[in-house]
Each structure stands twice: as C-alpha cells, then as structure tokens.
file protein-v1.pdb (PDB, C-alpha atoms)
ATOM      1  CA  MET A 262     141.542 115.891  82.711
ATOM      2  CA  ASN A 263     139.812 118.966  81.350
ATOM      3  CA  ALA A 264     137.869 120.024  78.287
ATOM      4  CA  THR A 265     140.880 121.096  76.281
ATOM      5  CA  ALA A 266     142.726 117.902  77.092
ATOM      6  CA  THR A 267     139.835 115.580  76.251
ATOM      7  CA  ASN A 268     138.342 117.536  73.370
ATOM      8  CA  PRO A 269     141.199 119.481  71.838
ATOM      9  CA  GLY A 270     138.983 120.855  69.075
ATOM     10  CA  MET A 271     136.318 122.240  71.362
ATOM     11  CA  MET A 272     136.269 125.682  72.884
ATOM     12  CA  ASN A 273     136.591 125.990  76.624
ATOM     13  CA  LEU A 274     133.635 127.747  78.214
ATOM     14  CA  GLY A 275     135.845 130.114  80.120
ATOM     15  CA  ILE A 276     134.135 129.687  83.477
ATOM     16  CA  THR A 277     136.237 131.837  85.790
ATOM     17  CA  ASN A 278     134.514 131.449  89.133
ATOM     18  CA  ILE A 279     131.236 130.913  90.960
ATOM     19  CA  GLY A 280     129.452 134.245  91.056
ATOM     20  CA  GLN A 281     126.361 133.313  93.037
ATOM     21  CA  ILE A 282     124.569 130.495  94.860
ATOM     22  CA  SER A 283     120.847 130.489  95.561
ATOM     23  CA  ILE A 284     119.466 129.308  98.890
ATOM     24  CA  ILE A 285     115.716 128.890  99.275
ATOM     25  CA  ALA A 286     114.319 130.692 102.314
ATOM     26  CA  HIS A 287     110.703 130.305 103.382
ATOM     27  CA  ASP A 288     110.947 133.375 105.575
ATOM     28  CA  THR A 289     113.381 135.863 104.061
ATOM     29  CA  PRO A 290     113.572 138.259 107.063
ATOM     30  CA  ARG A 291     114.249 135.297 109.390
ATOM     31  CA  ALA A 292     116.916 133.907 107.062
ATOM     32  CA  THR A 293     118.435 137.372 106.623
ATOM     33  CA  ALA A 294     118.768 137.703 110.395
ATOM     34  CA  PHE A 295     120.413 134.275 110.622
ATOM     35  CA  TYR A 296     122.968 134.808 107.863
ATOM     36  CA  ARG A 297     123.777 138.326 109.098
ATOM     37  CA  ASP A 298     123.684 137.982 112.882
ATOM     38  CA  VAL A 299     124.567 134.319 113.494
ATOM     39  CA  LEU A 300     126.880 133.562 110.577
ATOM     40  CA  GLY A 301     128.131 137.164 110.446
ATOM     41  CA  LEU A 302     128.098 137.499 106.660
ATOM     42  CA  PRO A 303     127.913 141.013 105.167
ATOM     43  CA  LEU A 304     124.444 141.829 103.807
ATOM     44  CA  LEU A 305     124.925 143.439 100.387
ATOM     45  CA  PHE A 306     121.371 144.507  99.607
ATOM     46  CA  THR A 307     117.785 143.349  99.566
ATOM     47  CA  ALA A 308     115.556 143.378  96.503
ATOM     48  CA  GLY A 309     111.907 142.642  97.115
ATOM     49  CA  ASN A 310     111.700 139.302  98.872
ATOM     50  CA  MET A 311     115.359 138.472  98.240
ATOM     51  CA  ALA A 312     118.455 139.186 100.304
ATOM     52  CA  PHE A 313     121.991 139.105  98.914
ATOM     53  CA  PHE A 314     125.059 138.343 101.027
ATOM     54  CA  ASP A 315     128.753 138.234 100.266
ATOM     55  CA  CYS A 316     130.985 135.384 101.317
ATOM     56  CA  GLY A 317     134.550 135.955 100.210
ATOM     57  CA  GLY A 318     133.531 137.161  96.753
ATOM     58  CA  VAL A 319     130.683 134.696  96.162
ATOM     59  CA  ARG A 320     127.179 136.125  96.423
ATOM     60  CA  LEU A 321     124.540 134.192  98.332
ATOM     61  CA  MET A 322     120.960 134.850  97.239
ATOM     62  CA  LEU A 323     118.300 134.057  99.850
ATOM     63  CA  GLY A 324     114.657 134.060  98.860
ATOM     64  CA  PRO A 325     111.522 132.050  98.178
ATOM     65  CA  ALA A 326     111.423 129.451  95.405
ATOM     66  CA  SER A 327     110.160 130.841  92.100
ATOM     67  CA  ALA A 328     108.559 127.474  91.226
ATOM     68  CA  PRO A 329     107.409 124.486  93.322
ATOM     69  CA  GLU A 330     110.050 122.203  91.753
ATOM     70  CA  LEU A 331     112.763 124.552  93.051
ATOM     71  CA  ASP A 332     111.461 124.401  96.609
ATOM     72  CA  HIS A 333     114.009 121.970  98.054
ATOM     73  CA  PRO A 334     116.904 122.185 100.495
ATOM     74  CA  SER A 335     120.125 123.895  99.486
ATOM     75  CA  SER A 336     123.313 122.190  98.456
ATOM     76  CA  ILE A 337     125.579 121.779 101.441
ATOM     77  CA  LEU A 338     127.859 124.821 101.504
ATOM     78  CA  TYR A 339     131.162 124.429 103.340
ATOM     79  CA  PHE A 340     132.232 127.719 104.910
ATOM     80  CA  ARG A 341     135.881 128.175 105.820
ATOM     81  CA  VAL A 342     136.662 129.426 109.329
ATOM     82  CA  PRO A 343     140.049 129.996 110.971
ATOM     83  CA  ASP A 344     139.116 128.419 114.342
ATOM     84  CA  ILE A 345     136.530 125.657 114.073
ATOM     85  CA  GLN A 346     136.271 125.027 117.825
ATOM     86  CA  ALA A 347     135.588 128.713 118.546
ATOM     87  CA  ALA A 348     133.132 128.901 115.641
ATOM     88  CA  HIS A 349     131.351 125.770 116.908
ATOM     89  CA  ARG A 350     131.085 127.281 120.414
ATOM     90  CA  ARG A 351     129.561 130.401 118.918
ATOM     91  CA  LEU A 352     126.953 128.400 116.963
ATOM     92  CA  VAL A 353     126.010 126.527 120.142
ATOM     93  CA  GLU A 354     125.728 129.776 122.124
ATOM     94  CA  MET A 355     123.486 131.219 119.408
ATOM     95  CA  GLY A 356     121.175 128.201 119.688
ATOM     96  CA  VAL A 357     122.007 126.732 116.268
ATOM     97  CA  LYS A 358     121.177 123.063 115.760
ATOM     98  CA  ILE A 359     124.420 121.087 115.411
ATOM     99  CA  GLU A 360     124.195 118.048 113.118
ATOM    100  CA  ALA A 361     127.710 116.742 113.668
ATOM    101  CA  PRO A 362     130.174 118.057 116.256
ATOM    102  CA  PRO A 363     133.649 119.214 115.179
ATOM    103  CA  ARG A 364     135.505 116.193 113.843
ATOM    104  CA  LEU A 365     138.547 115.316 111.799
ATOM    105  CA  ILE A 366     137.300 114.457 108.295
ATOM    106  CA  ALA A 367     140.564 113.791 106.501
ATOM    107  CA  PRO A 368     144.228 113.923 107.451
ATOM    108  CA  MET A 369     145.960 115.597 104.494
ATOM    109  CA  LYS A 370     149.701 115.842 103.862
ATOM    110  CA  SER A 371     150.361 119.055 105.775
ATOM    111  CA  TYR A 372     147.094 119.684 107.605
ATOM    112  CA  ASP A 373     144.035 118.059 109.157
ATOM    113  CA  LEU A 374     140.669 118.874 107.597
ATOM    114  CA  TRP A 375     138.048 119.496 110.283
ATOM    115  CA  MET A 376     134.317 120.002 109.800
ATOM    116  CA  VAL A 377     131.225 120.726 111.867
ATOM    117  CA  GLY A 378     127.708 120.259 110.483
ATOM    118  CA  PHE A 379     124.765 122.492 111.407
ATOM    119  CA  ARG A 380     121.352 123.570 110.146
ATOM    120  CA  ASP A 381     120.405 127.115 109.227
ATOM    121  CA  CYS A 382     117.038 128.530 110.331
ATOM    122  CA  GLU A 383     115.423 127.232 107.099
ATOM    123  CA  GLY A 384     116.474 123.626 107.765
ATOM    124  CA  ASN A 385     119.370 123.599 105.270
ATOM    125  CA  ILE A 386     122.367 121.509 106.294
ATOM    126  CA  MET A 387     125.607 123.504 106.137
ATOM    127  CA  GLN A 388     129.160 122.844 107.263
ATOM    128  CA  LEU A 389     132.045 124.822 108.674
ATOM    129  CA  MET A 390     135.447 123.616 107.559
ATOM    130  CA  SER A 391     138.959 124.410 108.701
ATOM    131  CA  GLU A 392     142.398 123.295 107.604
ATOM    132  CA  VAL A 393     144.386 122.846 110.784
ATOM    133  CA  PRO A 394     148.163 122.790 110.137
ATOM    134  CA  ARG A 395     149.855 119.729 111.581
ATOM    135  CA  SER A 396     152.649 120.755 113.932
TER     136      SER A 396
ATOM    137  CA  MET B 220     127.061 142.459 110.552
ATOM    138  CA  MET B 221     127.888 141.780 114.175
ATOM    139  CA  ASN B 222     131.317 141.670 115.726
ATOM    140  CA  MET B 223     132.348 138.063 115.521
ATOM    141  CA  PRO B 224     134.539 136.450 118.188
ATOM    142  CA  GLU B 225     138.096 135.913 117.001
ATOM    143  CA  GLY B 226     138.575 132.992 114.640
ATOM    144  CA  THR B 227     134.879 132.522 113.909
ATOM    145  CA  THR B 228     134.583 134.660 110.760
ATOM    146  CA  LEU B 229     133.243 132.783 107.750
ATOM    147  CA  SER B 230     135.950 133.907 105.365
ATOM    148  CA  ARG B 231     134.839 132.191 102.191
ATOM    149  CA  ILE B 232     133.103 129.167 100.724
ATOM    150  CA  GLY B 233     135.547 126.276 100.494
ATOM    151  CA  GLN B 234     133.291 123.650  98.995
ATOM    152  CA  ILE B 235     129.821 122.993  97.595
ATOM    153  CA  ALA B 236     128.173 119.560  97.509
ATOM    154  CA  ILE B 237     126.266 118.661  94.346
ATOM    155  CA  ASN B 238     124.135 115.533  94.213
ATOM    156  CA  ALA B 239     124.762 113.148  91.335
ATOM    157  CA  HIS B 240     123.001 109.838  90.826
ATOM    158  CA  ASP B 241     125.682 108.698  88.414
ATOM    159  CA  VAL B 242     128.997 110.162  89.550
ATOM    160  CA  ASP B 243     130.873 108.949  86.429
ATOM    161  CA  ARG B 244     128.352 110.572  84.101
ATOM    162  CA  ALA B 245     128.379 113.793  86.120
ATOM    163  CA  THR B 246     132.193 113.825  86.226
ATOM    164  CA  ALA B 247     132.295 113.659  82.432
ATOM    165  CA  PHE B 248     129.833 116.552  82.177
ATOM    166  CA  TYR B 249     131.644 118.832  84.627
ATOM    167  CA  SER B 250     135.027 118.171  83.021
ATOM    168  CA  ASP B 251     134.210 117.814  79.316
ATOM    169  CA  VAL B 252     131.250 120.175  78.910
ATOM    170  CA  LEU B 253     131.757 122.761  81.647
ATOM    171  CA  GLY B 254     135.536 122.482  81.341
ATOM    172  CA  LEU B 255     136.180 122.598  85.086
ATOM    173  CA  LYS B 256     139.426 121.259  86.478
ATOM    174  CA  HIS B 257     139.029 117.762  87.918
ATOM    175  CA  LEU B 258     141.018 117.546  91.144
ATOM    176  CA  PHE B 259     140.643 113.947  92.290
ATOM    177  CA  ARG B 260     138.286 111.074  92.830
ATOM    178  CA  ALA B 261     137.751 109.385  96.189
ATOM    179  CA  GLY B 262     135.338 106.472  95.886
ATOM    180  CA  GLN B 263     131.856 107.906  95.247
ATOM    181  CA  LEU B 264     133.173 111.445  95.535
ATOM    182  CA  SER B 265     134.479 113.465  92.609
ATOM    183  CA  PHE B 266     136.128 116.838  93.257
ATOM    184  CA  PHE B 267     136.488 119.826  90.914
ATOM    185  CA  ASP B 268     137.963 123.283  91.264
ATOM    186  CA  CYS B 269     136.091 126.389  90.141
ATOM    187  CA  GLY B 270     138.089 129.544  90.763
ATOM    188  CA  GLY B 271     139.251 128.378  94.187
ATOM    189  CA  VAL B 272     135.955 126.818  95.312
ATOM    190  CA  ARG B 273     135.822 123.037  95.357
ATOM    191  CA  LEU B 274     132.777 121.298  93.910
ATOM    192  CA  MET B 275     132.077 117.862  95.332
ATOM    193  CA  LEU B 276     129.906 115.538  93.274
ATOM    194  CA  ASP B 277     128.395 112.952  95.564
ATOM    195  CA  LYS B 278     125.754 110.258  95.399
ATOM    196  CA  PRO B 279     123.215 110.942  98.150
ATOM    197  CA  GLU B 280     123.281 108.231 100.811
ATOM    198  CA  LYS B 281     119.898 108.935 102.413
ATOM    199  CA  PRO B 282     116.542 109.934 100.872
ATOM    200  CA  GLU B 283     116.609 113.088 103.031
ATOM    201  CA  PHE B 284     119.697 114.292 101.164
ATOM    202  CA  ASP B 285     118.443 113.273  97.732
ATOM    203  CA  HIS B 286     117.317 116.598  96.305
ATOM    204  CA  PRO B 287     118.603 118.828  93.501
ATOM    205  CA  SER B 288     121.517 121.171  94.047
ATOM    206  CA  SER B 289     121.195 124.833  94.830
ATOM    207  CA  ILE B 290     121.377 126.886  91.661
ATOM    208  CA  ILE B 291     125.062 127.630  91.181
ATOM    209  CA  TYR B 292     125.779 130.622  88.943
ATOM    210  CA  PHE B 293     128.996 130.213  86.951
ATOM    211  CA  GLN B 294     130.626 133.411  85.766
ATOM    212  CA  VAL B 295     131.753 133.486  82.123
ATOM    213  CA  GLY B 296     133.223 136.164  79.880
ATOM    214  CA  ASP B 297     131.096 135.456  76.788
ATOM    215  CA  ILE B 298     127.689 134.111  77.770
ATOM    216  CA  ARG B 299     126.430 133.640  74.200
ATOM    217  CA  ALA B 300     129.444 131.563  73.201
ATOM    218  CA  ALA B 301     129.264 129.523  76.417
ATOM    219  CA  HIS B 302     125.526 128.956  75.896
ATOM    220  CA  ARG B 303     126.145 127.680  72.348
ATOM    221  CA  ARG B 304     128.933 125.428  73.521
ATOM    222  CA  ILE B 305     126.854 123.775  76.271
ATOM    223  CA  ARG B 306     123.793 123.483  74.027
ATOM    224  CA  ASP B 307     125.871 121.891  71.273
ATOM    225  CA  ALA B 308     127.142 119.379  73.832
ATOM    226  CA  GLY B 309     123.527 118.302  74.298
ATOM    227  CA  ALA B 310     122.608 119.947  77.600
ATOM    228  CA  LYS B 311     119.065 121.189  78.063
ATOM    229  CA  PHE B 312     118.575 124.941  78.408
ATOM    230  CA  GLU B 313     115.605 126.510  80.152
ATOM    231  CA  ASP B 314     115.906 129.813  78.282
ATOM    232  CA  GLU B 315     118.126 131.944  76.064
ATOM    233  CA  PRO B 316     120.769 134.293  77.482
ATOM    234  CA  HIS B 317     118.956 137.431  78.658
ATOM    235  CA  VAL B 318     119.473 140.590  80.724
ATOM    236  CA  ILE B 319     118.255 139.896  84.252
ATOM    237  CA  ALA B 320     119.290 143.189  85.857
ATOM    238  CA  GLN B 321     120.641 146.534  84.724
ATOM    239  CA  MET B 322     123.318 147.658  87.132
ATOM    240  CA  PRO B 323     124.874 151.152  87.160
ATOM    241  CA  THR B 324     127.886 150.203  84.998
ATOM    242  CA  TYR B 325     126.986 146.843  83.472
ATOM    243  CA  ASP B 326     124.150 144.580  82.377
ATOM    244  CA  LEU B 327     123.844 141.301  84.247
ATOM    245  CA  TRP B 328     123.115 138.462  81.813
ATOM    246  CA  MET B 329     121.984 134.984  82.774
ATOM    247  CA  THR B 330     120.841 131.731  81.207
ATOM    248  CA  PHE B 331     119.711 128.554  82.951
ATOM    249  CA  PHE B 332     120.488 124.950  82.057
ATOM    250  CA  ARG B 333     120.474 121.428  83.516
ATOM    251  CA  ASP B 334     123.419 119.180  84.188
ATOM    252  CA  THR B 335     123.200 115.434  83.465
ATOM    253  CA  GLU B 336     121.747 114.882  86.955
ATOM    254  CA  GLY B 337     118.835 117.289  86.496
ATOM    255  CA  ASN B 338     120.363 120.027  88.644
ATOM    256  CA  LEU B 339     119.422 123.530  87.550
ATOM    257  CA  LEU B 340     122.538 125.654  86.988
ATOM    258  CA  ALA B 341     123.147 129.080  85.490
ATOM    259  CA  LEU B 342     125.702 131.001  83.519
ATOM    260  CA  MET B 343     126.090 134.654  84.433
ATOM    261  CA  SER B 344     128.061 137.444  82.829
ATOM    262  CA  GLU B 345     128.557 141.091  83.686
ATOM    263  CA  VAL B 346     128.585 142.931  80.370
ATOM    264  CA  PRO B 347     129.963 146.495  80.673
ATOM    265  CA  ARG B 348     127.600 149.106  79.296
ATOM    266  CA  VAL B 349     129.118 151.231  76.594
ATOM    267  CA  ALA B 350     128.779 154.903  77.567
TER     268      ALA B 350
END

call {"tool": "encode", "arguments": {"input": "protein-v1.pdb", "output": "structure tokens"}}
result
Amino acid sequence: MNATATNPGMMNLGITNIGQISIIAHDTPRATAFYRDVLGLPLLFTAGNMAFFDCGGVRLMLGPASAPELDHPSSILYFRVPDIQAAHRRLVEMGVKIEAPPRLIAPMKSYDLWMVGFRDCEGNIMQLMSEVPRS
Amino acid sequence: MMNMPEGTTLSRIGQIAINAHDVDRATAFYSDVLGLKHLFRAGQLSFFDCGGVRLMLDKPEKPEFDHPSSIIYFQVGDIRAAHRRIRDAGAKFEDEPHVIAQMPTYDLWMTFFRDTEGNLLALMSEVPRVA
C-alpha cells in the first residue's frame, strides 16, 4: 500500500531518502568523542555547538535541544555492522553500557537478524544489528 | 576516526524506531500522506522503507521509552510542492519552507511538521544555486 495506490489522484511527495537525523547531546564535545572514537563514525564538520557525522550517507546531527520540548532521548537508531560479536566486544572494551547482549531477534528466510542494545554517552539507547547468513 | 577492528565498522543505519501511540493511525499517515512504502506489519510493529532505511513504528511499552522521535529529515526534490501536499492532508506545520544554510553550490531548504503522533519531522531539499 502506498500513496499512489490508495489515493490515485494525489501527488506523491517524492521522498527519496532520509538526509539527516538529529540526536540531542547535552555535552557536544563529549558526544562528538563518543560517536567518533567509540562508534568510529566519520566526523563531517562542526558548526557552533553542533557536530555532524556521516553514517552510510545519512547525516547525524548532534547538539543541544533548541527548545525544552525537544529535550528528550533520541529515537533508537539501528546501526548495521558486519560482525556483531566483534562489535559487541569492542563496545565492552571501550566501557560502553550494554543494555541487551547480542541476541537473535528474528530468524528470517535466508539469515538470522541479530541485535545488541547499548547506551551512548548521552543516555540514548541505540542498537547494533547484523544479518547473519544461515549456512 | 579511529582504526576499527575488523567487522566492527558501523556501515549504515538499518532501522529507526519511531514511537506511535496509535500504530494504525500512524501507518495511514506514513503510507498515505508521506507516501512511504509499507513493508509489513508484525503485531504492534509497522515497518516502512525510506530509501533503504527501515522505519519501525512501535507503541512504547514502558514510560521510559515513551518520548517523541528524533527529528528525521526527509529529502525531497520539490520542498514547496511537498509542503503543500502534507499541509493539504491536514498535517500541522511549524513554519514555511525556508533556507536554513547556504552551501557552496546549493541552498539547503527545510520545513518542520508533525506526524499524527506529535513527532516533529522535517522535509529538506538541496536546491542548486544558479550561477
């Protein structure tokens, strides 16, 4: 079901992709260090109290909330990794708080979907995910 | 960026969770108004595709998780037309489309709106500057 199917007369918006996601950080330098050094994401640039990262073509914007109503935890972002066990070990070694150890979330047709939950330095819950081919 | 041990690189974002208090209502909004491709429904969970990233609409189970979504910025070709289309569908806008940053080769336009669940979202468009 999509807009053209349900509302044939209405124009599709033409959303092509997600360009950016905002993540509230109470301490931008601390969050910048975490996303760069622990998660290993490329830092694109900083602008004032904001830091911009790239994750596979989607920009992550870290910075303080511009209004009190926006000062809440982030959506859970699920980052893809090739080797979830190795990535989990690295998070543990870096002292990251693990919320849920690596576990099989869903057996799909040709692969198993694994996830591990953790918190970033700002208290946001995030996940790593990996599609492990079934042999 | 540090050298990451093999296999630990965060290659891309596979999925984003978005809280919805009424998953049916939110599913209608994301498919009929935003025009995103609905992938499947699994109980309380409703999955969409947006350019290779999966959006998961989910009803928060615990009060700790019951907060608005991160602002997700959807890229569109024609931000004025998309703004009109969403407004005409009855969604509440916070502002009009406006230039938020002038980049070397394009102007970055944005406009902010709310989904049916009160989440603040944005449209963004990179409009090439005519030389």

call {"tool": "residues_around", "arguments": {"input": "protein-v1.pdb", "residues": "His349 in chain A", "least_positions_apart": "3", "cutoff": "9 Å", "atoms": "all atoms listed in the file", "output": "list in words"}}
result
Asp344, Ile345, Gln346, Leu352, Val353, Glu354, Ile359, Pro362, Pro363, Val377 and Leu389 of chain A; Thr227 of chain B

call {"tool": "residues_around", "arguments": {"input": "protein-v1.pdb", "residues": "Gly280 in chain A", "least_positions_apart": "6", "cutoff": "8 Å", "atoms": "only C-alpha atoms", "output": "short mmCIF file (atom, residue, chain, number, x, y, z; two decimals) with C-alpha atoms, in the frame of the given file"}}
result
data_model
loop_
_atom_site.label_atom_id
_atom_site.label_comp_id
_atom_site.auth_asym_id
_atom_site.auth_seq_id
_atom_site.Cartn_x
_atom_site.Cartn_y
_atom_site.Cartn_z
CA GLY A 318 133.53 137.16 96.75
CA VAL A 319 130.68 134.70 96.16
CA ARG A 320 127.18 136.12 96.42
CA ILE B 291 125.06 127.63 91.18
CA TYR B 292 125.78 130.62 88.94
CA PHE B 293 129.00 130.21 86.95
CA GLN B 294 130.63 133.41 85.77
CA MET B 343 126.09 134.65 84.43
#

call {"tool": "resolve_selection", "arguments": {"input": "protein-v1.pdb", "expression": "the PyMOL selection byres ((chain A and resi 288-300) around 10)", "output": "tab-separated table (two decimals) with C-alpha atoms, in the coordinates of the input"}}
result
chain	number	residue	atom	x	y	z
A	284	ILE	CA	119.47	129.31	98.89
A	285	ILE	CA	115.72	128.89	99.28
A	286	ALA	CA	114.32	130.69	102.31
A	287	HIS	CA	110.70	130.30	103.38
A	301	GLY	CA	128.13	137.16	110.45
A	302	LEU	CA	128.10	137.50	106.66
A	303	PRO	CA	127.91	141.01	105.17
A	304	LEU	CA	124.44	141.83	103.81
A	307	THR	CA	117.78	143.35	99.57
A	309	GLY	CA	111.91	142.64	97.12
A	310	ASN	CA	111.70	139.30	98.87
A	311	MET	CA	115.36	138.47	98.24
A	312	ALA	CA	118.46	139.19	100.30
A	313	PHE	CA	121.99	139.10	98.91
A	314	PHE	CA	125.06	138.34	101.03
A	321	LEU	CA	124.54	134.19	98.33
A	323	LEU	CA	118.30	134.06	99.85
A	324	GLY	CA	114.66	134.06	98.86
A	325	PRO	CA	111.52	132.05	98.18
A	340	PHE	CA	132.23	127.72	104.91
A	348	ALA	CA	133.13	128.90	115.64
A	351	ARG	CA	129.56	130.40	118.92
A	352	LEU	CA	126.95	128.40	116.96
A	354	GLU	CA	125.73	129.78	122.12
A	355	MET	CA	123.49	131.22	119.41
A	356	GLY	CA	121.18	128.20	119.69
A	357	VAL	CA	122.01	126.73	116.27
A	381	ASP	CA	120.40	127.12	109.23
A	382	CYS	CA	117.04	128.53	110.33
A	383	GLU	CA	115.42	127.23	107.10
B	220	MET	CA	127.06	142.46	110.55
B	221	MET	CA	127.89	141.78	114.18
B	222	ASN	CA	131.32	141.67	115.73
B	223	MET	CA	132.35	138.06	115.52
B	227	THR	CA	134.88	132.52	113.91
B	228	THR	CA	134.58	134.66	110.76
B	229	LEU	CA	133.24	132.78	107.75

call {"tool": "interface_residues", "arguments": {"input": "protein-v1.pdb", "of": "chain B", "to": "chain A", "cutoff": "7 Å", "atoms": "all atoms listed in the file", "output": "PyMOL selection string"}}
result
chain B and resi 220-221+223+226-237+250-257+269-270+286+288-296+301

call {"tool": "residues_around", "arguments": {"input": "protein-v1.pdb", "residues": "Gln321 in chain B", "least_positions_apart": "4", "cutoff": "10 Å", "atoms": "all atoms listed in the file", "output": "PDB file with C-alpha atoms, keeping the file's coordinate frame"}}
result
ATOM      1  CA  TYR B 325     126.986 146.843  83.472  1.00  0.00           C
ATOM      2  CA  ASP B 326     124.150 144.580  82.377  1.00  0.00           C
ATOM      3  CA  LEU B 327     123.844 141.301  84.247  1.00  0.00           C
ATOM      4  CA  TRP B 328     123.115 138.462  81.813  1.00  0.00           C
ATOM      5  CA  GLU B 345     128.557 141.091  83.686  1.00  0.00           C
ATOM      6  CA  VAL B 346     128.585 142.931  80.370  1.00  0.00           C
ATOM      7  CA  ARG B 348     127.600 149.106  79.296  1.00  0.00           C
TER       8      ARG B 348
END

call {"tool": "atom_distance", "arguments": {"input": "protein-v1.pdb", "atom1": "CA of Gly384 in chain A", "atom2": "CA of Asn338 in chain B"}}
result
19.8 Å

call {"tool": "atom_distance", "arguments": {"input": "protein-v1.pdb", "atom1": "CA of Leu365 in chain A", "atom2": "CA of Gln263 in chain B"}}
result
19.3 Å

call {"tool": "atom_distance", "arguments": {"input": "protein-v1.pdb", "atom1": "CA of Arg306 in chain B", "atom2": "CA of Val349 in chain B"}}
result
28.4 Å

call {"tool": "resolve_selection", "arguments": {"input": "protein-v1.pdb", "expression": "the PyMOL selection byres ((chain B and resi 332) around 8)", "output": "list in words"}}
result
Ala310, Lys311, Phe312, Glu313, Asp314, Thr330, Phe331, Arg333, Asp334, Leu339, Leu340 and Ala341 of chain B

call {"tool": "write_last_selection", "arguments": {"input": "protein-v1.pdb", "atoms": "C-alpha atoms", "output": "mmCIF file, in the frame of the given file"}}
result
data_model
loop_
_atom_site.group_PDB
_atom_site.id
_atom_site.type_symbol
_atom_site.label_atom_id
_atom_site.label_comp_id
_atom_site.auth_asym_id
_atom_site.auth_seq_id
_atom_site.Cartn_x
_atom_site.Cartn_y
_atom_site.Cartn_z
ATOM 1 C CA ALA B 310 122.608 119.947 77.600
ATOM 2 C CA LYS B 311 119.065 121.189 78.063
ATOM 3 C CA PHE B 312 118.575 124.941 78.408
ATOM 4 C CA GLU B 313 115.605 126.510 80.152
ATOM 5 C CA ASP B 314 115.906 129.813 78.282
ATOM 6 C CA THR B 330 120.841 131.731 81.207
ATOM 7 C CA PHE B 331 119.711 128.554 82.951
ATOM 8 C CA ARG B 333 120.474 121.428 83.516
ATOM 9 C CA ASP B 334 123.419 119.180 84.188
ATOM 10 C CA LEU B 339 119.422 123.530 87.550
ATOM 11 C CA LEU B 340 122.538 125.654 86.988
ATOM 12 C CA ALA B 341 123.147 129.080 85.490
#

call {"tool": "residues_around", "arguments": {"input": "protein-v1.pdb", "residues": "Arg299 in chain B", "least_positions_apart": "4", "cutoff": "10 Å", "atoms": "all atoms listed in the file", "output": "PDB file with C-alpha atoms, in the coordinates of the input"}}
result
ATOM      1  CA  VAL B 295     131.753 133.486  82.123  1.00  0.00           C
ATOM      2  CA  ARG B 303     126.145 127.680  72.348  1.00  0.00           C
ATOM      3  CA  ARG B 304     128.933 125.428  73.521  1.00  0.00           C
ATOM      4  CA  GLU B 315     118.126 131.944  76.064  1.00  0.00           C
ATOM      5  CA  PRO B 316     120.769 134.293  77.482  1.00  0.00           C
ATOM      6  CA  HIS B 317     118.956 137.431  78.658  1.00  0.00           C
ATOM      7  CA  TRP B 328     123.115 138.462  81.813  1.00  0.00           C
ATOM      8  CA  MET B 329     121.984 134.984  82.774  1.00  0.00           C
ATOM      9  CA  THR B 330     120.841 131.731  81.207  1.00  0.00           C
ATOM     10  CA  LEU B 342     125.702 131.001  83.519  1.00  0.00           C
ATOM     11  CA  SER B 344     128.061 137.444  82.829  1.00  0.00           C
TER      12      SER B 344
END

call {"tool": "resolve_selection", "arguments": {"input": "protein-v1.pdb", "expression": "the PyMOL selection byres ((chain B and resi 280) around 12)", "output": "PyMOL selection string"}}
result
chain B and resi 238-240+263-264+277-279+281-286

call {"tool": "residues_around", "arguments": {"input": "protein-v1.pdb", "residues": "Leu374 in chain A", "least_positions_apart": "4", "cutoff": "7 Å", "atoms": "only C-alpha atoms", "output": "CSV table (one decimal) with C-alpha atoms, keeping the file's coordinate frame"}}
result
chain,number,residue,atom,x,y,z
A,365,LEU,CA,138.5,115.3,111.8
A,366,ILE,CA,137.3,114.5,108.3
A,367,ALA,CA,140.6,113.8,106.5
A,368,PRO,CA,144.2,113.9,107.5
A,369,MET,CA,146.0,115.6,104.5
A,391,SER,CA,139.0,124.4,108.7
A,392,GLU,CA,142.4,123.3,107.6
A,393,VAL,CA,144.4,122.8,110.8

call {"tool": "axis_aligned_box", "arguments": {"input": "protein-v1.pdb", "around": "range 302-306 of chain A", "padding_each_side": "4 Å", "output": "JSON"}}
result
{"center_x": 124.7, "center_y": 141.0, "center_z": 103.1, "size_x": 14.7, "size_y": 15.0, "size_z": 15.1}

call {"tool": "decode", "arguments": {"input": "protein-v1.pdb", "residues": "range 299-316 of chain B", "atoms": "C-alpha atoms", "output": "mmCIF file, in the first residue's frame"}}
result
data_model
loop_
_atom_site.group_PDB
_atom_site.id
_atom_site.type_symbol
_atom_site.label_atom_id
_atom_site.label_comp_id
_atom_site.auth_asym_id
_atom_site.auth_seq_id
_atom_site.Cartn_x
_atom_site.Cartn_y
_atom_site.Cartn_z
ATOM 1 C CA ARG B 299 7.270 23.662 -1.759
ATOM 2 C CA ALA B 300 5.116 21.070 -3.504
ATOM 3 C CA ALA B 301 5.733 18.514 -0.742
ATOM 4 C CA HIS B 302 4.888 21.121 1.915
ATOM 5 C CA ARG B 303 1.586 21.929 0.169
ATOM 6 C CA ARG B 304 0.744 18.270 -0.181
ATOM 7 C CA ILE B 305 1.299 17.472 3.517
ATOM 8 C CA ARG B 306 -0.474 20.645 4.650
ATOM 9 C CA ASP B 307 -3.452 19.865 2.425
ATOM 10 C CA ALA B 308 -3.598 16.411 4.014
ATOM 11 C CA GLY B 309 -4.163 18.165 7.337
ATOM 12 C CA ALA B 310 -0.756 17.874 9.000
ATOM 13 C CA LYS B 311 0.408 20.710 11.217
ATOM 14 C CA PHE B 312 3.427 22.699 10.046
ATOM 15 C CA GLU B 313 5.699 24.621 12.385
ATOM 16 C CA ASP B 314 6.923 27.000 9.677
ATOM 17 C CA GLU B 315 7.081 27.654 5.944
ATOM 18 C CA PRO B 316 9.830 26.209 3.737
#
